[in-house]
file query-v6.csv (CSV, C-alpha atoms)
chain,number,residue,atom,x,y,z
P,1,MET,CA,157.4,-82.1,78.1
P,2,ARG,CA,156.7,-79.1,75.8
P,3,GLY,CA,157.8,-81.2,72.8
P,4,LYS,CA,155.2,-83.9,73.7
P,5,ILE,CA,152.4,-81.4,74.1
P,6,PHE,CA,153.4,-79.9,70.7
P,7,GLU,CA,153.4,-83.3,69.1
P,8,ARG,CA,149.9,-84.1,70.6
P,9,ARG,CA,148.6,-80.8,69.2
P,10,VAL,CA,150.0,-81.6,65.7
P,11,ARG,CA,148.4,-85.1,65.9
P,12,ALA,CA,145.1,-83.6,67.0
P,13,MET,CA,145.2,-81.0,64.2
P,14,ARG,CA,146.0,-83.7,61.6
P,15,LEU,CA,143.1,-85.8,62.9
P,16,GLY,CA,140.8,-82.9,62.8
P,17,LEU,CA,141.8,-82.0,59.2
P,18,SER,CA,141.3,-85.6,58.1
P,19,VAL,CA,137.9,-85.7,59.7
P,20,VAL,CA,136.9,-82.5,57.8
P,21,ILE,CA,138.3,-83.9,54.5
P,22,GLY,CA,136.5,-87.2,55.3
P,23,ILE,CA,133.2,-85.5,55.9
P,24,ILE,CA,133.5,-83.6,52.7
P,25,ALA,CA,134.4,-86.7,50.7
P,26,VAL,CA,131.7,-88.9,52.2
P,27,GLY,CA,129.2,-86.1,52.1
P,28,LEU,CA,129.8,-85.6,48.4
P,29,PHE,CA,129.1,-89.3,47.8
P,30,LEU,CA,125.9,-89.2,49.8
P,31,CYS,CA,124.7,-86.1,47.9
P,32,THR,CA,125.3,-87.5,44.4
P,33,THR,CA,123.6,-90.7,45.2
P,34,SER,CA,120.6,-89.3,47.1
P,35,GLU,CA,117.1,-90.1,45.9
P,36,GLY,CA,116.6,-86.3,45.7
P,37,ARG,CA,118.0,-86.3,42.1
P,38,GLU,CA,114.7,-87.7,40.9
P,39,VAL,CA,112.7,-84.8,42.4
P,40,PRO,CA,111.4,-82.4,39.8
P,41,GLY,CA,112.6,-78.9,39.7
P,42,GLU,CA,116.2,-79.6,40.9
P,43,SER,CA,117.8,-78.6,37.6
P,44,MET,CA,115.6,-75.6,37.0
P,45,TYR,CA,116.9,-72.1,37.1
P,46,LYS,CA,114.7,-70.0,39.3
P,47,THR,CA,113.9,-66.9,37.4
P,48,GLY,CA,111.5,-65.4,39.9
P,49,PRO,CA,108.6,-63.3,38.7
P,50,LEU,CA,109.3,-61.6,35.3
P,51,LYS,CA,107.6,-58.7,33.6
P,52,PRO,CA,104.5,-60.4,32.1
P,53,ARG,CA,105.2,-59.1,28.6
P,54,ASP,CA,108.2,-57.4,27.1
P,55,SER,CA,107.6,-57.0,23.4
P,56,GLU,CA,105.4,-55.3,20.8
P,57,ALA,CA,102.9,-57.5,19.0
P,58,THR,CA,103.3,-57.4,15.3
P,59,ILE,CA,101.1,-60.4,14.2
P,60,LYS,CA,97.4,-60.4,14.4
P,61,VAL,CA,94.6,-62.9,13.5
P,62,GLY,CA,94.1,-62.9,9.7
P,63,ASP,CA,97.8,-62.1,8.9
P,64,LYS,CA,99.9,-64.3,6.7
P,65,ALA,CA,102.2,-66.2,9.0
P,66,PRO,CA,105.9,-65.4,8.5
P,67,GLU,CA,107.8,-68.2,6.9
P,68,PHE,CA,110.7,-69.9,8.6
P,69,THR,CA,113.1,-72.8,8.5
P,70,LEU,CA,114.8,-73.9,11.7
P,71,PRO,CA,116.9,-76.8,12.8
P,72,ALA,CA,115.2,-79.4,15.0
P,73,VAL,CA,116.7,-81.3,17.9
P,74,SER,CA,116.2,-84.5,15.8
P,75,GLY,CA,118.7,-83.2,13.2
P,76,GLU,CA,116.2,-82.3,10.4
P,77,LYS,CA,115.2,-78.8,9.2
P,78,VAL,CA,111.6,-77.8,9.6
P,79,SER,CA,109.9,-75.2,7.4
P,80,LEU,CA,106.5,-73.8,8.1
P,81,SER,CA,105.6,-74.0,4.4
P,82,HIS,CA,106.1,-77.8,4.5
P,83,TYR,CA,102.6,-78.1,6.2
P,84,ARG,CA,100.9,-75.7,3.7
P,85,GLY,CA,97.7,-77.3,2.4
P,86,LYS,CA,98.2,-80.4,4.6
P,87,LYS,CA,98.0,-79.5,8.3
P,88,ASN,CA,97.2,-76.8,10.7
P,89,VAL,CA,100.2,-75.7,12.8
P,90,ALA,CA,100.3,-74.7,16.4
P,91,ILE,CA,103.5,-73.0,17.4
P,92,SER,CA,104.5,-72.8,21.0
P,93,PHE,CA,107.3,-70.3,21.7
P,94,VAL,CA,108.8,-70.8,25.2
P,95,PRO,CA,111.1,-68.3,26.8
P,96,ALA,CA,114.1,-70.5,27.6
P,97,ALA,CA,115.3,-74.0,28.5
P,98,TRP,CA,115.7,-75.0,32.1
P,99,THR,CA,113.3,-72.4,33.5
P,100,PRO,CA,110.0,-73.0,35.4
P,101,VAL,CA,106.7,-73.2,33.6
P,102,CYS,CA,108.4,-74.0,30.2
P,103,SER,CA,109.7,-77.2,31.7
P,104,GLN,CA,106.2,-78.3,32.3
P,105,GLN,CA,104.3,-76.8,29.3
P,106,TRP,CA,105.7,-79.1,26.7
P,107,PRO,CA,105.5,-82.3,28.8
P,108,GLY,CA,101.8,-81.3,29.1
P,109,TYR,CA,101.5,-81.1,25.3
P,110,ASN,CA,103.3,-84.3,25.1
P,111,ILE,CA,100.4,-86.3,26.5
P,112,ALA,CA,97.9,-84.5,24.3
P,113,GLN,CA,99.2,-85.9,21.0
P,114,GLU,CA,95.9,-87.6,20.1
P,115,LEU,CA,94.1,-84.3,20.6
P,116,PHE,CA,96.4,-82.4,18.2
P,117,GLU,CA,96.1,-85.2,15.6
P,118,LYS,CA,92.4,-85.4,15.9
P,119,ASN,CA,92.3,-81.8,14.8
P,120,ASN,CA,94.8,-82.4,12.0
P,121,THR,CA,97.3,-80.1,13.7
P,122,VAL,CA,101.0,-80.4,14.1
P,123,LEU,CA,102.7,-78.8,17.0
P,124,LEU,CA,106.1,-77.0,16.7
P,125,GLY,CA,108.0,-76.1,19.9
P,126,ILE,CA,110.4,-73.2,19.4
P,127,SER,CA,113.0,-71.8,21.8
P,128,VAL,CA,115.9,-69.4,21.3
P,129,ASP,CA,118.3,-71.9,22.9
P,130,ASN,CA,120.8,-73.8,20.9
P,131,ILE,CA,120.5,-77.5,19.8
P,132,PRO,CA,122.7,-79.1,22.5
P,133,THR,CA,120.9,-77.2,25.3
P,134,LEU,CA,117.5,-78.2,23.9
P,135,TYR,CA,118.6,-81.8,23.5
P,136,ALA,CA,119.6,-82.1,27.1
P,137,TRP,CA,116.5,-80.2,28.3
P,138,THR,CA,113.9,-82.1,26.2
P,139,LYS,CA,115.6,-85.4,27.2
P,140,GLU,CA,114.5,-84.7,30.8
P,141,MET,CA,110.9,-84.4,29.6
P,142,GLY,CA,110.9,-87.9,28.1
P,143,LYS,CA,110.4,-88.6,24.4
P,144,LEU,CA,108.5,-85.7,22.8
P,145,TRP,CA,106.3,-86.5,19.8
P,146,PHE,CA,106.6,-83.0,18.2
P,147,PRO,CA,109.6,-81.2,16.7
P,148,VAL,CA,111.5,-78.9,18.9
P,149,LEU,CA,113.2,-76.1,16.9
P,150,ALA,CA,116.2,-74.0,17.8
P,151,ASP,CA,115.8,-70.3,17.0
P,152,PHE,CA,119.3,-69.7,18.2
P,153,TRP,CA,121.1,-68.2,15.2
P,154,PRO,CA,120.6,-65.5,14.0
P,155,HIS,CA,119.5,-65.2,17.6
P,156,GLY,CA,115.7,-65.2,18.0
P,157,ALA,CA,115.1,-64.2,14.4
P,158,VAL,CA,111.9,-66.2,14.1
P,159,ALA,CA,110.7,-65.0,17.5
P,160,ARG,CA,111.4,-61.4,16.3
P,161,SER,CA,109.4,-62.0,13.1
P,162,TYR,CA,106.4,-63.1,15.2
P,163,GLY,CA,106.9,-60.1,17.5
P,164,VAL,CA,107.7,-62.2,20.6
P,165,LEU,CA,111.4,-61.5,21.2
P,166,ARG,CA,111.8,-59.9,24.6
P,167,SER,CA,114.4,-57.2,25.2
P,168,ASP,CA,116.7,-59.6,27.1
P,169,GLY,CA,116.9,-62.0,24.1
P,170,VAL,CA,114.4,-64.7,25.3
P,171,ALA,CA,111.0,-65.2,23.8
P,172,GLU,CA,107.6,-64.6,25.1
P,173,ARG,CA,105.5,-67.5,26.2
P,174,ALA,CA,103.3,-67.4,23.1
P,175,VAL,CA,101.0,-69.7,21.1
P,176,PHE,CA,100.1,-69.1,17.5
P,177,VAL,CA,97.8,-71.2,15.4
P,178,ILE,CA,98.2,-71.1,11.7
P,179,ASP,CA,95.7,-72.8,9.4
P,180,LYS,CA,96.5,-74.9,6.3
P,181,ASP,CA,96.5,-71.8,4.1
P,182,GLY,CA,99.2,-70.3,6.2
P,183,VAL,CA,96.9,-67.7,7.8
P,184,VAL,CA,97.2,-66.9,11.5
P,185,ARG,CA,94.0,-68.0,13.3
P,186,TYR,CA,94.9,-67.5,17.0
P,187,VAL,CA,97.5,-65.5,18.9
P,188,ASP,CA,98.1,-65.8,22.6
P,189,ILE,CA,101.1,-63.8,23.9
P,190,HIS,CA,100.7,-65.1,27.4
P,191,ASP,CA,101.9,-63.8,30.8
P,192,ILE,CA,105.4,-65.3,30.8
P,193,ASN,CA,105.0,-66.4,34.4
P,194,GLN,CA,101.9,-68.5,33.7
P,195,MET,CA,100.9,-71.6,31.9
P,196,PRO,CA,98.6,-71.2,28.9
P,197,ARG,CA,95.7,-73.6,29.4
P,198,LEU,CA,95.5,-76.6,27.1
P,199,GLU,CA,91.8,-76.5,26.7
P,200,GLU,CA,91.9,-73.0,25.4
P,201,LEU,CA,94.2,-74.2,22.6
P,202,MET,CA,92.1,-77.2,21.9
P,203,ARG,CA,88.9,-75.1,21.7
P,204,VAL,CA,90.6,-73.1,18.9
P,205,LEU,CA,91.9,-76.2,17.1
P,206,GLU,CA,88.5,-77.8,17.2
P,207,GLN,CA,87.0,-74.8,15.3
P,208,LEU,CA,89.5,-75.0,12.5
P,209,PRO,CA,88.6,-76.6,9.2
P,210,LYS,CA,90.3,-80.1,9.2
H,211,MET,CA,149.3,-91.1,59.6
H,212,ASN,CA,147.5,-93.7,57.6
H,213,ARG,CA,145.9,-95.1,60.7
H,214,SER,CA,144.7,-91.6,61.7
H,215,ILE,CA,143.2,-91.0,58.2
H,216,THR,CA,141.4,-94.3,58.4
H,217,ARG,CA,140.2,-93.4,61.9
H,218,ALA,CA,139.1,-90.0,60.6
H,219,PHE,CA,137.1,-91.5,57.8
H,220,VAL,CA,135.3,-93.8,60.2
H,221,VAL,CA,134.6,-90.9,62.5
H,222,ALA,CA,133.3,-88.8,59.5
H,223,MET,CA,131.1,-91.7,58.4
H,224,VAL,CA,129.6,-92.0,61.9
H,225,VAL,CA,129.1,-88.2,62.1
H,226,LEU,CA,127.3,-88.1,58.7
H,227,VAL,CA,125.2,-91.2,59.3
H,228,VAL,CA,124.0,-89.8,62.7
H,229,ALA,CA,123.6,-86.2,61.4
H,230,ALA,CA,121.9,-87.1,58.1
H,231,PRO,CA,118.1,-87.4,58.1
H,232,ALA,CA,117.0,-91.0,57.8
H,233,ARG,CA,115.8,-92.1,54.3
H,234,GLY,CA,112.0,-91.8,54.2
H,235,ALA,CA,111.9,-89.0,56.7
H,236,ASP,CA,109.1,-86.5,55.9
H,237,PRO,CA,110.5,-84.2,53.2
H,238,ILE,CA,107.6,-81.8,53.4
H,239,THR,CA,105.5,-80.8,56.5
H,240,VAL,CA,101.9,-80.8,55.6
H,241,MET,CA,99.3,-79.5,58.2
H,242,GLY,CA,96.3,-81.7,58.7
H,243,GLU,CA,93.9,-79.0,59.8
H,244,PRO,CA,94.0,-76.9,56.7
H,245,LEU,CA,94.1,-80.1,54.6
H,246,SER,CA,90.9,-81.3,56.2
H,247,ARG,CA,89.1,-78.1,55.2
H,248,LEU,CA,90.0,-78.1,51.5
H,249,GLU,CA,87.0,-78.7,49.2
H,250,PHE,CA,87.0,-80.5,45.9
H,251,ALA,CA,84.2,-81.2,43.4
H,252,ILE,CA,82.5,-84.5,44.0
H,253,PRO,CA,83.3,-86.7,41.0
H,254,GLU,CA,80.6,-87.2,38.5
H,255,ASP,CA,81.5,-90.8,37.8
H,256,ALA,CA,79.4,-93.3,39.7
H,257,ALA,CA,82.3,-95.7,40.3
H,258,ASP,CA,84.5,-92.9,41.7
H,259,LYS,CA,81.7,-91.8,44.0
H,260,ALA,CA,81.2,-95.4,45.2
H,261,TYR,CA,85.0,-95.8,45.8
H,262,LEU,CA,85.2,-92.6,47.8
H,263,GLY,CA,81.9,-93.3,49.6
H,264,LEU,CA,80.4,-90.0,48.4
H,265,SER,CA,77.0,-89.2,46.9
H,266,GLY,CA,75.2,-86.3,45.2
H,267,ALA,CA,76.9,-83.3,43.7
H,268,GLY,CA,78.7,-80.3,45.0
H,269,VAL,CA,81.9,-80.4,47.0
H,270,PHE,CA,83.5,-82.8,49.5
H,271,ARG,CA,86.3,-82.7,52.1
H,272,LEU,CA,88.9,-85.4,52.5
H,273,PRO,CA,87.7,-86.5,56.0
H,274,GLN,CA,84.4,-87.5,54.3
H,275,VAL,CA,86.1,-90.2,52.2
H,276,LYS,CA,85.1,-93.6,53.4
H,277,ALA,CA,88.5,-95.0,54.3
H,278,GLU,CA,90.8,-95.8,57.3
H,279,VAL,CA,93.8,-94.4,55.4
H,280,ILE,CA,93.9,-92.2,52.3
H,281,ILE,CA,96.9,-92.0,50.1
H,282,ILE,CA,96.8,-88.6,48.3
H,283,GLU,CA,98.9,-88.1,45.3
H,284,VAL,CA,99.5,-84.4,44.6
H,285,PHE,CA,100.4,-84.3,40.9
H,286,SER,CA,100.2,-82.2,37.8
H,287,MET,CA,99.3,-83.1,34.3
H,288,TYR,CA,102.3,-81.0,33.1
H,289,CYS,CA,104.8,-82.8,35.3
H,290,PRO,CA,106.9,-85.3,33.4
H,291,TYR,CA,107.9,-87.0,36.6
H,292,CYS,CA,104.2,-87.6,37.5
H,293,GLN,CA,103.7,-88.9,34.0
H,294,ARG,CA,106.6,-91.4,34.4
H,295,GLU,CA,105.4,-92.4,37.8
H,296,ALA,CA,101.7,-92.9,36.8
H,297,GLU,CA,102.0,-96.6,35.9
H,298,HIS,CA,103.7,-97.3,39.2
H,299,VAL,CA,101.0,-95.5,41.2
H,300,ASN,CA,98.4,-97.6,39.2
H,301,SER,CA,100.3,-100.7,40.5
H,302,LEU,CA,100.0,-99.4,44.0
H,303,PHE,CA,96.2,-99.1,43.5
H,304,ALA,CA,96.1,-102.7,42.2
H,305,LYS,CA,98.2,-104.0,45.0
H,306,ILE,CA,95.9,-102.4,47.6
H,307,ARG,CA,92.8,-103.6,45.7
H,308,ASP,CA,94.1,-107.2,45.7
H,309,HIS,CA,95.3,-107.2,49.3
H,310,GLN,CA,92.9,-108.9,51.6
H,311,ALA,CA,93.7,-106.8,54.6
H,312,LEU,CA,93.9,-103.4,52.8
H,313,LYS,CA,91.1,-103.7,50.3
H,314,GLY,CA,88.4,-101.2,51.1
H,315,ARG,CA,90.3,-99.7,54.0
H,316,VAL,CA,93.1,-97.8,52.1
H,317,LYS,CA,91.9,-95.5,49.3
H,318,LEU,CA,93.9,-93.5,46.8
H,319,ILE,CA,93.0,-90.1,45.4
H,320,GLY,CA,94.9,-87.8,43.0
H,321,ILE,CA,94.8,-84.0,43.4
H,322,GLY,CA,95.7,-82.1,40.3
H,323,ALA,CA,97.6,-79.2,41.6
H,324,GLY,CA,97.0,-76.1,39.5
H,325,ASN,CA,95.2,-78.3,36.9
H,326,THR,CA,91.8,-77.6,35.5
H,327,PRO,CA,89.3,-80.5,35.4
H,328,TYR,CA,90.0,-80.8,31.7
H,329,GLU,CA,93.7,-81.3,32.4
H,330,VAL,CA,93.1,-83.8,35.2
H,331,GLU,CA,90.8,-85.8,32.9
H,332,LEU,CA,93.5,-85.8,30.1
H,333,PHE,CA,96.1,-87.2,32.5
H,334,ARG,CA,93.7,-89.8,33.9
H,335,LYS,CA,92.7,-91.0,30.4
H,336,LYS,CA,96.3,-91.0,29.1
H,337,PHE,CA,97.6,-93.2,31.9
H,338,SER,CA,94.3,-95.2,32.5
H,339,VAL,CA,94.4,-94.1,36.2
H,340,PRO,CA,91.9,-96.4,38.0
H,341,PHE,CA,91.4,-94.2,41.1
H,342,PRO,CA,89.6,-90.8,41.4
H,343,MET,CA,91.5,-87.7,40.5
H,344,VAL,CA,90.2,-84.2,41.4
H,345,SER,CA,91.1,-80.8,40.2
H,346,ASP,CA,92.7,-78.2,42.4
H,347,HIS,CA,93.0,-75.4,39.8
H,348,GLN,CA,93.5,-72.7,42.4
H,349,MET,CA,96.4,-74.7,44.1
H,350,THR,CA,94.6,-74.6,47.5
H,351,ILE,CA,96.8,-77.5,48.5
H,352,GLN,CA,99.6,-75.0,48.9
H,353,SER,CA,97.9,-73.5,52.0
H,354,THR,CA,98.6,-76.8,53.8
H,355,ALA,CA,102.4,-76.4,53.8
H,356,ASP,CA,104.9,-73.6,54.4
H,357,GLU,CA,107.2,-74.8,51.6
H,358,LYS,CA,106.4,-75.1,47.9
H,359,PHE,CA,104.8,-78.3,46.8
H,360,ARG,CA,106.8,-80.4,44.3
H,361,THR,CA,105.1,-83.0,42.2
H,362,PRO,CA,104.5,-85.8,42.7
H,363,THR,CA,104.1,-85.6,46.5
H,364,PHE,CA,102.3,-88.4,48.4
H,365,ILE,CA,100.5,-87.5,51.6
H,366,VAL,CA,99.2,-90.4,53.7
H,367,VAL,CA,96.4,-89.4,56.1
H,368,LYS,CA,94.0,-91.0,58.6
H,369,PRO,CA,90.5,-89.5,58.8
H,370,GLU,CA,89.6,-88.7,62.4
H,371,GLY,CA,86.4,-87.9,64.1
H,372,GLY,CA,84.4,-87.2,60.9
H,373,SER,CA,86.0,-83.9,60.1
H,374,GLY,CA,89.7,-84.1,61.0
H,375,LEU,CA,92.8,-85.7,59.4
H,376,LYS,CA,96.0,-87.0,60.9
H,377,ILE,CA,99.0,-86.8,58.7
H,378,MET,CA,100.8,-90.1,58.9
H,379,TYR,CA,103.5,-89.8,56.3
H,380,THR,CA,104.6,-87.6,53.3
H,381,HIS,CA,106.9,-88.5,50.5
H,382,VAL,CA,108.2,-86.4,47.6
H,383,GLY,CA,109.2,-87.9,44.3
H,384,LYS,CA,109.2,-91.5,43.1
H,385,LEU,CA,107.4,-94.0,45.3
H,386,GLY,CA,110.1,-96.7,45.1
H,387,GLU,CA,109.4,-100.3,46.0
H,388,LEU,CA,105.7,-100.6,46.7
H,389,ASP,CA,105.9,-103.1,49.6
H,390,GLU,CA,108.4,-100.9,51.3
H,391,PHE,CA,106.1,-97.9,50.9
H,392,LEU,CA,103.1,-99.8,52.3
H,393,LYS,CA,105.2,-101.0,55.2
H,394,LYS,CA,106.2,-97.4,56.0
H,395,ILE,CA,102.6,-96.2,56.1
H,396,LEU,CA,100.8,-99.1,57.6
H,397,PHE,CA,103.0,-100.8,60.2
call {"tool": "encode", "arguments": {"input": "query-v6.csv", "output": "structure tokens"}}
result
Amino acid sequence: MRGKIFERRVRAMRLGLSVVIGIIAVGLFLCTTSEGREVPGESMYKTGPLKPRDSEATIKVGDKAPEFTLPAVSGEKVSLSHYRGKKNVAISFVPAAWTPVCSQQWPGYNIAQELFEKNNTVLLGISVDNIPTLYAWTKEMGKLWFPVLADFWPHGAVARSYGVLRSDGVAERAVFVIDKDGVVRYVDIHDINQMPRLEELMRVLEQLPK
Amino acid sequence: MNRSITRAFVVAMVVLVVAAPARGADPITVMGEPLSRLEFAIPEDAADKAYLGLSGAGVFRLPQVKAEVIIIEVFSMYCPYCQREAEHVNSLFAKIRDHQALKGRVKLIGIGAGNTPYEVELFRKKFSVPFPMVSDHQMTIQSTADEKFRTPTFIVVKPEGGSGLKIMYTHVGKLGELDEFLKKILF
């Protein structure tokens, strides 16, 4: 009699264990195929509110823009001097890949290509992340029309030369506008938690000599 | 043992199917009362005004829109998912416009969450959006829900009694098949 009870208990335990394993297995399937994968923000790392600014400005309007050459996600190398005498340059430093705000700022610029072109301006996106990270991140945004540059090694060297490298190694959310002569015409070291407004940038570009 | 594993999987499947929320269940709870009180700038464009049944200048509230059902798209110019979905939402507009029973009764409106009028206009021009889109620069839409809005979110409402709104359905993310979406909200 005791043997039978023991046997029943073992069978019940086995069944219970199988149900648990089954729930986990089926649950995993449902999760990975759920429509929720399409919902924005799922892959974003939630930084929470950050100190609005964590660097000392070194560049001001009227200064000569520091020269740089950085690798682009597309594989080429991009130098600021390449645009000298040809185009105005807007540089958008963003703090880091896969973080809020940044993940929307460039997609916003991405639909404003005509506005940049109308003002004879090229846009350069710069982040301190490495190329593979930037590749994966920008792929999520769709096809970007402007070069995305990795200021990864020496880490944040260009961000530092523009005075926008924060103490934790990420960059400020900053926009610089440099005219065709290589002179800085606009500096916006923005609150890192907030989106710089597009119309403010366009207002500046419209005032530059084409 | 094999039989018990099979049985366990069947039980697990039943448990999960019963416990999991049905597809299309409301993913965000939006409150009709605060939504009905939000104010937006009356569009300047005459065609937009005519479509929404508004006149003059100043602000309007959603219950003032001349429609039996309003489909609200909460979007952001900066949201790549909204950009990718724009053409599909335009198709929804065309489907309703060309539908004998829905034409004139179901209206679409976009609310640019956190977007300035400039940014809303840029989005609208870029994707040739045929329905009115209004700016909600201060993100007042957030006061209508306890959880954070994700974009795009679709809120389907029924104006009631001239100043109220009844929330019929909400949907976060891609719209999916348009006929299915319309079936969910209209039948």
call {"tool": "closest_residue", "arguments": {"input": "query-v6.csv", "among": "H:Glu283, H:Asp356, H:Asp346, H:Glu329", "to": "chain P", "atoms": "all atoms listed in the file"}}
result
H:Glu329
call {"tool": "closest_residue", "arguments": {"input": "query-v6.csv", "among": "P:Gln105, P:Ser167, P:Thr133, P:Gln207", "to": "chain H", "atoms": "all atoms listed in the file"}}
result
P:Gln105
call {"tool": "closest_residue", "arguments": {"input": "query-v6.csv", "among": "P:Arg203, P:Arg185, P:Lys87, P:Arg166", "to": "P:Leu124", "atoms": "only C-alpha atoms"}}
result
P:Lys87
call {"tool": "residues_near_point", "arguments": {"input": "query-v6.csv", "point": "(116.1, -80.5, 22.2)", "cutoff": "9 Å", "atoms": "all atoms listed in the file", "output": "ChimeraX atom specification"}}
result
/P:72-74,129-139,147-150
call {"tool": "residues_around", "arguments": {"input": "query-v6.csv", "residues": "P:Val61", "least_positions_apart": "4", "cutoff": "10 Å", "atoms": "all atoms listed in the file", "output": "list in words"}}
result
Ala65, Phe176, Val177, Ile178, Val183, Val184, Arg185, Tyr186 and Val187 of chain P
call {"tool": "write_last_selection", "arguments": {"input": "query-v6.csv", "atoms": "C-alpha atoms", "output": "compact mmCIF listing (two decimals), in the frame of the given file"}}
result
# COMPACT_ATOMS: atom_id res chain seq x y z
CA ALA P 65 102.20 -66.20 9.00
CA PHE P 176 100.10 -69.10 17.50
CA VAL P 177 97.80 -71.20 15.40
CA ILE P 178 98.20 -71.10 11.70
CA VAL P 183 96.90 -67.70 7.80
CA VAL P 184 97.20 -66.90 11.50
CA ARG P 185 94.00 -68.00 13.30
CA TYR P 186 94.90 -67.50 17.00
CA VAL P 187 97.50 -65.50 18.90
call {"tool": "atom_distance", "arguments": {"input": "query-v6.csv", "atom1": "atom CA of H:Arg294", "atom2": "atom CA of P:Pro107"}}
result
10.7 Å
call {"tool": "atom_distance", "arguments": {"input": "query-v6.csv", "atom1": "atom CA of P:Lys86", "atom2": "atom CA of P:Asn120"}}
result
8.4 Å
call {"tool": "residues_near_point", "arguments": {"input": "query-v6.csv", "point": "(104.8, -91.3, 52.2)", "cutoff": "7 Å", "atoms": "all atoms listed in the file", "output": "PyMOL selection string"}}
result
chain H and resi 364-366+379-381+391+395
call {"tool": "atom_distance", "arguments": {"input": "query-v6.csv", "atom1": "atom CA of H:Ala267", "atom2": "atom CA of H:Phe250"}}
result
10.7 Å
call {"tool": "closest_residue", "arguments": {"input": "query-v6.csv", "among": "P:Ile126, P:Leu80, P:Ala171, P:Val164", "to": "P:Glu67", "atoms": "only C-alpha atoms"}}
result
P:Leu80
call {"tool": "decode", "arguments": {"input": "query-v6.csv", "residues": "stretch 183-195 of chain P", "atoms": "N, CA and C atoms", "output": "CSV table (one decimal), in the first residue's frame"}}
result
chain,number,residue,atom,x,y,z
P,183,VAL,N,35.0,77.4,-39.6
P,183,VAL,CA,34.8,78.2,-38.4
P,183,VAL,C,33.5,77.8,-37.7
P,184,VAL,N,33.6,77.7,-36.3
P,184,VAL,CA,32.4,77.3,-35.6
P,184,VAL,C,31.4,78.4,-35.6
P,185,ARG,N,30.1,78.1,-36.0
P,185,ARG,CA,29.1,79.1,-36.1
P,185,ARG,C,28.0,78.9,-35.1
P,186,TYR,N,27.9,77.8,-34.5
P,186,TYR,CA,26.8,77.5,-33.5
P,186,TYR,C,27.3,76.4,-32.6
P,187,VAL,N,27.0,76.5,-31.3
P,187,VAL,CA,27.3,75.5,-30.3
P,187,VAL,C,26.1,75.3,-29.4
P,188,ASP,N,25.6,74.1,-29.4
P,188,ASP,CA,24.5,73.8,-28.4
P,188,ASP,C,24.9,72.5,-27.7
P,189,ILE,N,25.4,72.7,-26.4
P,189,ILE,CA,25.7,71.6,-25.6
P,189,ILE,C,24.4,71.4,-24.7
P,190,HIS,N,23.6,70.5,-25.2
P,190,HIS,CA,22.2,70.4,-24.7
P,190,HIS,C,22.1,69.6,-23.4
P,191,ASP,N,21.0,69.8,-22.7
P,191,ASP,CA,20.7,69.0,-21.6
P,191,ASP,C,20.6,67.5,-22.1
P,192,ILE,N,21.5,66.6,-21.6
P,192,ILE,CA,21.6,65.3,-22.1
P,192,ILE,C,20.2,64.5,-22.1
P,193,ASN,N,19.3,64.9,-21.3
P,193,ASN,CA,18.1,64.2,-21.1
P,193,ASN,C,17.0,64.7,-22.1
P,194,GLN,N,17.4,65.8,-22.9
P,194,GLN,CA,16.3,66.4,-23.8
P,194,GLN,C,16.8,66.4,-25.2
P,195,MET,N,15.7,66.5,-26.1
P,195,MET,CA,15.9,66.5,-27.5
P,195,MET,C,16.2,67.9,-28.0
